[in-house]
Every structure is written in C-alpha cells, then in structure tokens.
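S.K.: Please read through the structure below; I'll follow up with questions.
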Amino acid sequence: EFCSSLAGIMLLEALLVLGTLLIYFLFSKKKEETLPFKDGWWGRGQKPVTKEDSSIRPFKVETTEEELSDLFRRLDQARFTEPLENSSFHYGTNSVHLRKIVSYWKNQFNWKKQVEVLNKYPQFKTKIQGLDIHFVHVKPPHLPEGKAAKPLLMVHGWPGSFYEFYKIIPLLTDPASHGLGDEHIFEVICPSIPGYGFSEAPHKKDFNSVSAASVFYELMLRLGFNEFYIQGGDWGWLICTNLAQIAPNHVKGLHLNMVSVSKLGLTHLLSILLGRYFPGLFGFQDEDVRRMFPFLKKGLYKILAESGYAHIQATKPDTVGCGLNDSPVGLAAYILEKFSSWTDIEFQNLEDGGLERKFSLDDLLTNIMIYWVSGCIVSSMRFYKENLQKGIGTQKHEKLTVQVPTGVASFPNEILHTPQAWAKKKYTNIVTFHFMPRGGHFAAFEEPELLAKDILQFVDKVEKEQLWKKK
C-alpha cells in the first residue's frame with residue numbers, strides 16, 4: 001500500500017511538473033521579448049545634474065576660406081605612389097586615377113556650390129544623451145486633401161552619409177511628381193549617426209548600434225512621431241533592426257536594402273554545403289543559388305578579400321584614422337575604393353574603378369568632403385570596434401528576433417547575399433522580399449528610383465493589410 005501511494009504521489013508530481021512546463025511554454029512563447037532601451041550619456045566628462053536642453057535648432061552647412069585654403073594646400077602637397085602596371089583597382093584605389101580625381105577636386109569641384117546643394121533640405125540639431133544630433137527633415141511640398149504624411153526614418157552607413165539620401169528624398173516626399181502616385185507620401189528624417197558627418201561623436205566608449213537606435217528612437221519621439229517607418233542599409237540595417245527590437249509598437253514597418261544574420265545554425269551550414277544541389281530543400285530560389293554559389297568564391301573568399309578594413313576598424317581604428325584625418329588624398333583613396341568594389345566587385349578590373357559609371361565625381365567628393373570638413377573619419381571607424389569587439393553572435397540583439405513587418409530589397413551586387421530562407425529566421429514577419437534588377441551596396445545613392453518604388457510597395461502592403469496591428 002505504501003508503495004502504491006508513493007507511486008501515486010510520484011505520478012502526481014510528474015503530472016504537476018509536466019503541467020507547469022506546458023503552461024510555461026504556452027505562455028512564454030506568447031511574450032515577445034524586446035530589446036531594452038539604452039539610456040546612456042555620451043557627452044564629455046560627468047553627466048550634468050541639470051535637465052538636457054531638448055530644443056531643436058536649425059542648422060546649415062557652412063564653409064570658410066581658411067578651410068578651403070588648408071584643403072588646397074594639402075591637395076597640392078600630396079605624395080603619390082606609382083601603381084603596379086596593369087593592376088587596375090585590384091590593389092585598392094589606383095593612384096593614376098586618383099591623381100585625376102585630385103586634379104578635378106582642385107580645379108573643377110565647387111564645394112561652395114555643393115554646400116548650397118546640402119542646404120537645400122532643412123537641417124537641424126538637437127541634444128540627445130549628451131550629444132548634438134544632426135538630421136535632415138523634409139516635409140512634403142504639398143499634401144492632397146485628407147492625406148497625412150507618413151514619417152520615415154532613413155539611416156545611412158559607413159563610409160556614407162546623410163547625403164546618400166538626397167536623390168531619393170523627393171521621390172518619397174513628392175512621389176506624384178515623379179510618376180509614383182500619391183497613395184503614400186512621406187516626411188523623411190535622415191539623421192547622421194553620432195560620430196558621422198555633423199552629429200557629435202561620442203566621448204565615451206561602448207556607443208554601439210543599440211545606443212544609436214536608442215538615440216534615434218528618442219529623436220523620433222521628440223519630433224512628435226509615435227508611429228513611423230524605418231529604412232536602412234549598411235549600419236542603417238543594424239540600427240533600424242535594433243530600433244524595431246526596442247520599440248516594436250512604434251515601428252509600423254522596417255525596410256532594409258541589406259540583411260545579415262549573425263546566428264548561423266546547422267541548417268545554414270547544411271544549406272551552404274548542399275543548397276546548390278537541393279535548393280528546394282532549403283527554401284532557396286534560383287536567384288539565391290546564382291548569387292551564392294560556388295560558395296567558396298562568392299562567399300568565403302569574397303569576405304576575406306573585402307573585409308580587411310573591417311578588421312582594422314574593429315580593432316585599432318584610431319591608428320589608421322590618424323593618417324586619413326590628416327590627408328584628404330588618403331581619405332579619398334580609402335573611401336573611393338569602397339564606392340568602387342561595393343557598387344560592383346567587377347569594377348576592380350577597370351583602370352578607373354568604374355567610379356563614374358554609377359556616381360558623379362561631384363557626388364563622390366561631396367560625401368568625402370562631409371568626412372573631411374567635420375573631421376569625423378576616426379569616430380566613424382570606431383563604430384566598428386564598438387559593435388564587433390565583443391565578438392559576433394554574443395550581443396542580446398543578435399539573439400532576439402524581429403517581429404515588426406519587414407520588407408527587403410535584395411540588390412544583386414550587395415557585398416554578401418542573404419537568402420530569404422535565412423533572413424526569415426531572424427525577421428519572422430517578412431512581408432515583401434524582392435530581388436532587385438540591378439544595383440549594389442549604396443542603393444539609395446545609386447538606384448534611388450528602384451529603392452523608392454520598393455519602399456512604396458512595402459508600405460502599401462503594410463497599410464492595406466494593416467499588418468502592424470497584427471504583430
């Protein structure tokens with residue numbers, strides 16, 4: 001009898017444990033974990049006890065004669081190294097072509113005129129978490145009766161700037177004038193990442209993508225936007241992803257023109273080994289196979305060949321940064337190489353790096369000048385160390401999924417291709433995923449119309465199906 005009652009108690013205990021586990025799994029799955037908002041203070045010295053000035057001040061890019069004469073003196077005194085014969089851009093920026101660009105920079109490029117171009121959109125600064133944050137804020141020139149503008153935050157990356165968005169802004173704020181209809185009209189906010197362009201650089205260590213996302217979230221709330229769309233590529237991809245994890249109830253939709261996943265499981269590895277032969281088994285489409293395989297050549301070797309800069313910047317950014325911040329020609333060589341190979345890896349076979357096939361020299365030099373006049377190259381490079389120094393896959397945001405409705409524009413010449421089958425493990429609510437017909441890493445700068453159309457299609461789907469309400 002004792003044995004049978006003991007067995008009964010044990011069975012009851014086992015049922016209780018099972019029941020508890022069942023309830024735990026049923027309810028814990030329901031709870032969507034968000035990323036904690038990072039309330040830092042990144043200004044100099046001690047955080048003041050007084051409340052931060054939250055006013056929004058108009059800002060204009062300005063230039064001085066001293067700035068220009070200093071630049072020209074440095075350009076005149078540049079030392080060039082003779083490139084290897086027939087090396088094109090295989091060793092980096094070819095200095096024969098670089099001489100031509102520097103000659104254009106000195107004799108034809110008109111910085112004062114480009115400053116006027118930069119100032120054609122309203123710009124502002126505001127203090128957030130101890131830093132002066134710079135942003136462009138463009139409202140629609142006209143709104144049809146009964147229509148409201150949808151706020152859209154657009155975030156750049158490295159070695160780009162807020163200027164990358166200057167050609168796409170009118171397509172989004174005034175789509176009807178560009179043949180894109182008037183169903184969805186945006187008001188666009190393009191901030192400079194702290195440490196980039198005209199945003200103040202953090203004075204303290206550990207300012208990473210989650211910090212930037214927290215600052216931009218605060219910026220959007222300060223501008224009075226409770227619900228908004230966000231868009232990004234390069235670091236903008238990660239910052240916007242983190243923002244969607246911090247504030248899923250405020251982000252109506254997340255649009256990305258670059259996706260990367262840091263947590264690779266067994267299925268990922270198997271799909272790398274076998275995906276070429278059994279694409280259907282891993283959810284690959286023909287285009288995925290075309291872009292990814294042979295994986296050694298298009299994946300591994302490409303990463304190794306193209307990521308040296310990232311290793312330097314993730315370890316000792318200040319050392320190499322000294323040279324770049326001191327020499328405009330060195331800065332141009334370093335940045336232009338990325339605008340060549342990241343736009344199309346095949347451009348390294350060309351004497352001129354194919355730089356003017358997709359961009360004008362004025363546009364390329366304007367972006368470089370933003371780095372030069374603000375002296376931000378070192379602080380922009382430090383962002384790699386802040387994001388990567390703890391190792392890949394170790395951060396909380398890397399372990400969390402993204403539930404916000406997501407749209408992906410996958411450009412064929414992006415540095416690395418991420419198939420939808422991989423992306424959807426991280427972004428659990430992908431509502432549009434399009435293989436773009438052409439274009440590379442700097443999508444908004446290079447193919448503004450293609451990107452604008454994709455953003456509009458994505459937002460149209462989210463709005464019509466009210467997808468953000470179904471998260």
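By convention here, the chains of the structure tokens are called A, B, ... in the order presented, each chain's residues are numbered starting at 1, and ligands are numbered starting at 1 in the order presented.
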Go through segment 26-117 of chain A and flag each residue having an atom no more than 9 Å from segment 180-202 of chain A; for those, report the closest pair of atoms plus their distance in Å to one decimal, using only C-alpha atoms, ordered by chain and rising number, as a Markdown table.
M.R.:
| residue | atom | partner | partner_atom | distance |
| --- | --- | --- | --- | --- |
| A:Trp41 | CA | A:Pro202 | CA | 8.8 |
| A:Trp42 | CA | A:Pro202 | CA | 5.1 |
| A:Gly43 | CA | A:Pro202 | CA | 6.4 |
| A:Arg44 | CA | A:Pro202 | CA | 8.2 |
| A:Val61 | CA | A:Phe198 | CA | 8.6 |
S.K.: For all heavy atoms, I'd like the residues from the last selection saved as an mmCIF file, in the first residue's frame.
M.R.:
data_model
loop_
_atom_site.group_PDB
_atom_site.id
_atom_site.type_symbol
_atom_site.label_atom_id
_atom_site.label_comp_id
_atom_site.auth_asym_id
_atom_site.auth_seq_id
_atom_site.Cartn_x
_atom_site.Cartn_y
_atom_site.Cartn_z
ATOM 1 N N TRP A 41 24.752 58.302 -21.550
ATOM 2 C CA TRP A 41 25.137 59.705 -21.633
ATOM 3 C C TRP A 41 26.545 59.736 -22.196
ATOM 4 O O TRP A 41 27.470 59.187 -21.614
ATOM 5 C CB TRP A 41 25.068 60.402 -20.265
ATOM 6 C CG TRP A 41 25.114 61.888 -20.446
ATOM 7 C CD1 TRP A 41 24.085 62.705 -20.825
ATOM 8 C CD2 TRP A 41 26.271 62.728 -20.342
ATOM 9 N NE1 TRP A 41 24.511 64.008 -20.953
ATOM 10 C CE2 TRP A 41 25.851 64.050 -20.659
ATOM 11 C CE3 TRP A 41 27.604 62.509 -20.019
ATOM 12 C CZ2 TRP A 41 26.720 65.138 -20.658
ATOM 13 C CZ3 TRP A 41 28.473 63.588 -20.013
ATOM 14 C CH2 TRP A 41 28.025 64.891 -20.326
ATOM 15 N N TRP A 42 26.683 60.344 -23.393
ATOM 16 C CA TRP A 42 27.903 60.182 -24.177
ATOM 17 C C TRP A 42 28.686 61.484 -24.320
ATOM 18 O O TRP A 42 29.641 61.554 -25.099
ATOM 19 C CB TRP A 42 27.545 59.628 -25.567
ATOM 20 C CG TRP A 42 26.685 58.412 -25.460
ATOM 21 C CD1 TRP A 42 25.321 58.346 -25.582
ATOM 22 C CD2 TRP A 42 27.113 57.088 -25.155
ATOM 23 N NE1 TRP A 42 24.889 57.053 -25.379
ATOM 24 C CE2 TRP A 42 25.962 56.256 -25.118
ATOM 25 C CE3 TRP A 42 28.368 56.498 -24.912
ATOM 26 C CZ2 TRP A 42 26.016 54.891 -24.859
ATOM 27 C CZ3 TRP A 42 28.424 55.141 -24.645
ATOM 28 C CH2 TRP A 42 27.259 54.352 -24.625
ATOM 29 N N GLY A 43 28.270 62.506 -23.559
ATOM 30 C CA GLY A 43 28.969 63.796 -23.634
ATOM 31 C C GLY A 43 30.304 63.754 -22.898
ATOM 32 O O GLY A 43 30.702 62.731 -22.334
ATOM 33 N N ARG A 44 30.992 64.889 -22.902
ATOM 34 C CA ARG A 44 32.288 64.976 -22.202
ATOM 35 C C ARG A 44 32.090 64.950 -20.693
ATOM 36 O O ARG A 44 31.117 65.485 -20.187
ATOM 37 C CB ARG A 44 32.981 66.287 -22.553
ATOM 38 C CG ARG A 44 33.702 66.264 -23.874
ATOM 39 C CD ARG A 44 34.670 67.443 -23.983
ATOM 40 N NE ARG A 44 35.368 67.379 -25.263
ATOM 41 C CZ ARG A 44 34.887 67.920 -26.379
ATOM 42 N NH1 ARG A 44 33.736 68.562 -26.356
ATOM 43 N NH2 ARG A 44 35.568 67.827 -27.513
ATOM 44 N N VAL A 61 24.978 73.847 -43.256
ATOM 45 C CA VAL A 61 26.386 73.543 -43.507
ATOM 46 C C VAL A 61 27.038 74.851 -43.942
ATOM 47 O O VAL A 61 26.489 75.585 -44.763
ATOM 48 C CB VAL A 61 26.529 72.475 -44.618
ATOM 49 C CG1 VAL A 61 27.996 72.130 -44.853
ATOM 50 C CG2 VAL A 61 25.746 71.212 -44.251
#
S.K.: Find the residues around segment 63-70 of chain A up to 8 Å (only C-alpha atoms counted), leave out those fewer than 2 positions away in its own chain, and share them as a list in words.
M.R.: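 Listed by chain and then number, they are Val61, Phe72, Arg73, Arg74, Lys112, Val115 and Val373 of chain A.
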S.K.: Please compute the atom CA of Val378 of chain A-atom CA of Pro83 of chain A distance, one decimal, in Å.
M.R.: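 Separation between atom CA of Val378 of chain A and atom CA of Pro83 of chain A: 26.3 Å.
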S.K.: Quick one: pick out all alpha helix (DSSP H) residues within segment 201-420 of chain A from a backbone DSSP run and write them as number ranges by chain.
M.R.: A: 209-222, 235-246, 266-274, 286-292, 295, 301-306, 308-315, 317-326, 328-341, 355-358, 361-374, 377-388, 396-399, 420
S.K.: So how many Å separate atom CA of Ile56 of chain A and atom CA of Phe124 of chain A, to one decimal?
M.R.: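 Computed distance, atom CA of Ile56 of chain A to atom CA of Phe124 of chain A, equals 6.5 Å.
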S.K.: For Ala423 of chain A, work out the shell of residues within 10 Å, counting only C-alpha atoms and skipping chain neighbours fewer than 3 positions away, then give it as a list in words.
M.R.: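 So the residues in contact are Val259, Ser260, Val261, Val408, Thr418, Pro419, Gln420, Lys426, Tyr427, Thr428, Asn429, Ile430 and Phe433 of chain A.
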